[in-house]
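Undergrad: Sharing a structure below in structure tokens format, with a few things to ask.
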Amino acid sequence: MVNMKRYSSVLSLFREMRKLGIPINDFILNIVINNYCLMHCSDCGFSVLAIYLKKGIPFNVVAFSTLLRGLFAESKIKDAVNLFKKLVRENICEPDEVMYSIVMNGLSKMGHTQKTFDLLRVMEQGSTKPNTYIYNIVIDALCKDRMLDAAIGLFEEMKQKEGLLDEAKDMLRKMEHNGHSPDNATYNIIVRGFLKFGETSEMTTFLKEMTGRDFSFDASTIELLIDVMAKDPSLLNMIPQFHSGNKK
């Protein structure tokens, strides 16, 4: 029902479940929070947290990750940053890679490149280490902000520390499993990661998996594709799988 964007129907069904005394678990509450956030009603999403307390259900990282995504979607940057700090400071839940990626992606999209980079450095000092996907978020932000020297330096640093693009794909699947639908920018970051590492065969497989999804290449990815296809024209065969805009 959420995927069909029947948001009001989801809420009606949830109220009926509570009225009938049907057991409610954290998975259902996470869906309701996500439903509110997709409606751009993150404040209502926060109200669901009271049900966790009433039912004695422990808070989980998925719920707060969803709320953070909702706040960024509503351009409530300060509220999102304050929530993230509160979660860490008061040890309410341990941020995982998905939560870090949501915060860093949200900051970078709003032009807060330095804050995104600073959070990466904080993450490197903690127990949850950044993976390839998160490094690519920061590299992408640096490139868009024309901080090319810093982007190249971080890219070389990432190759030394990570060097594994499989982590990016695993993170994407983890996001989808937790109910976070990756946006166009996320897909482009991963494709650029494959291109930058020269993993064209892996990229082809990845793109085939994405057939039928609402995805299109952005300008940065197209520039990189042109450069790579100039060296290997056979890659052109995989482009028609996507939107007509990409074929052009």
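By convention here, the chains of the structure tokens are called A, B, ... in the order presented, each chain's residues are numbered starting at 1, and ligands are numbered starting at 1 in the order presented.
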Could you list, as a ChimeraX atom specification, every residue within 8 Å of Val61 in chain A, counting only C-alpha atoms and ignoring same-chain residues fewer than 2 positions away?
TA: /A:59,63-65,93-96,99
Undergrad: Kindly save the residues from that selection, with N, CA, C and O atoms included, as a compact mmCIF listing (two decimals), in the first residue's frame.
TA:
```txt
# COMPACT_ATOMS: atom_id res chain seq x y z
N PHE A 59 13.62 1.02 20.64
CA PHE A 59 13.88 1.84 19.45
C PHE A 59 14.90 1.13 18.57
O PHE A 59 15.75 0.39 19.07
N ALA A 63 14.03 3.02 12.33
CA ALA A 63 13.03 4.06 12.61
C ALA A 63 13.67 5.45 12.55
O ALA A 63 13.13 6.37 11.92
N PHE A 64 14.81 5.61 13.21
CA PHE A 64 15.45 6.92 13.24
C PHE A 64 16.08 7.28 11.90
O PHE A 64 16.12 8.45 11.52
N SER A 65 16.55 6.28 11.17
CA SER A 65 17.07 6.54 9.82
C SER A 65 15.96 7.06 8.92
O SER A 65 16.15 7.99 8.12
N CYS A 93 20.61 5.02 19.93
CA CYS A 93 20.85 3.88 19.04
C CYS A 93 22.19 4.10 18.35
O CYS A 93 22.64 5.23 18.20
N GLU A 94 22.81 3.01 17.96
CA GLU A 94 24.11 3.08 17.31
C GLU A 94 23.93 3.30 15.82
O GLU A 94 23.34 2.47 15.13
N PRO A 95 24.39 4.43 15.29
CA PRO A 95 24.23 4.68 13.85
C PRO A 95 24.96 3.62 13.03
O PRO A 95 26.09 3.25 13.34
N ASP A 96 24.29 3.11 12.00
CA ASP A 96 24.93 2.16 11.10
C ASP A 96 25.29 2.86 9.80
O ASP A 96 25.13 4.08 9.67
N MET A 99 22.37 4.88 8.18
CA MET A 99 22.07 6.16 8.82
C MET A 99 23.12 7.21 8.45
O MET A 99 22.77 8.36 8.12
```
Undergrad: Report the distance between CA of Tyr100 in chain A and CA of Thr128 in chain A in Å, rounded to one decimal place.
TA: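 Separation between CA of Tyr100 in chain A and CA of Thr128 in chain A: 9.1 Å.
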Undergrad: Have a look at A:Ile33, A:Leu142, A:Ile134, A:Met110 and name the one nearest to Met158 in chain A; count only C-alpha atoms.
TA: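 Among the listed residues, A:Ile134 lies closest to Met158 in chain A.
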Undergrad: Please provide as a VMD selection string all residues within 12 Å of range 49-56 of chain A, with the sequence filter that same-chain residues fewer than 3 positions apart are discarded (counting only C-alpha atoms).
TA: chain A and resid 18 21 23 to 30 32 to 33 42 to 46 59 to 60 63 to 64 67
Undergrad: As a ChimeraX atom specification, list the residues of range 9-222 of chain A assigned to helix (DSSP H, G or I) by DSSP on the backbone atoms of this structure.
TA: /A:9-20,26-38,42-47,49-55,61-73,77-89,97-109,113-125,132-144,148-161,166-177,184-197,200-209,219-222
Undergrad: Would you please work out which residue, of A:Asp214, A:Glu97, A:Glu74, A:Asp140, is nearest to Leu154 in chain A when using only C-alpha atoms?
TA: A:Asp140
Undergrad: What is the CA of Asn105 in chain A-CA of Ile137 in chain A distance in Å, reported with one decimal?
TA: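 Atom-to-atom, CA of Asn105 in chain A and CA of Ile137 in chain A are spaced 6.3 Å apart.
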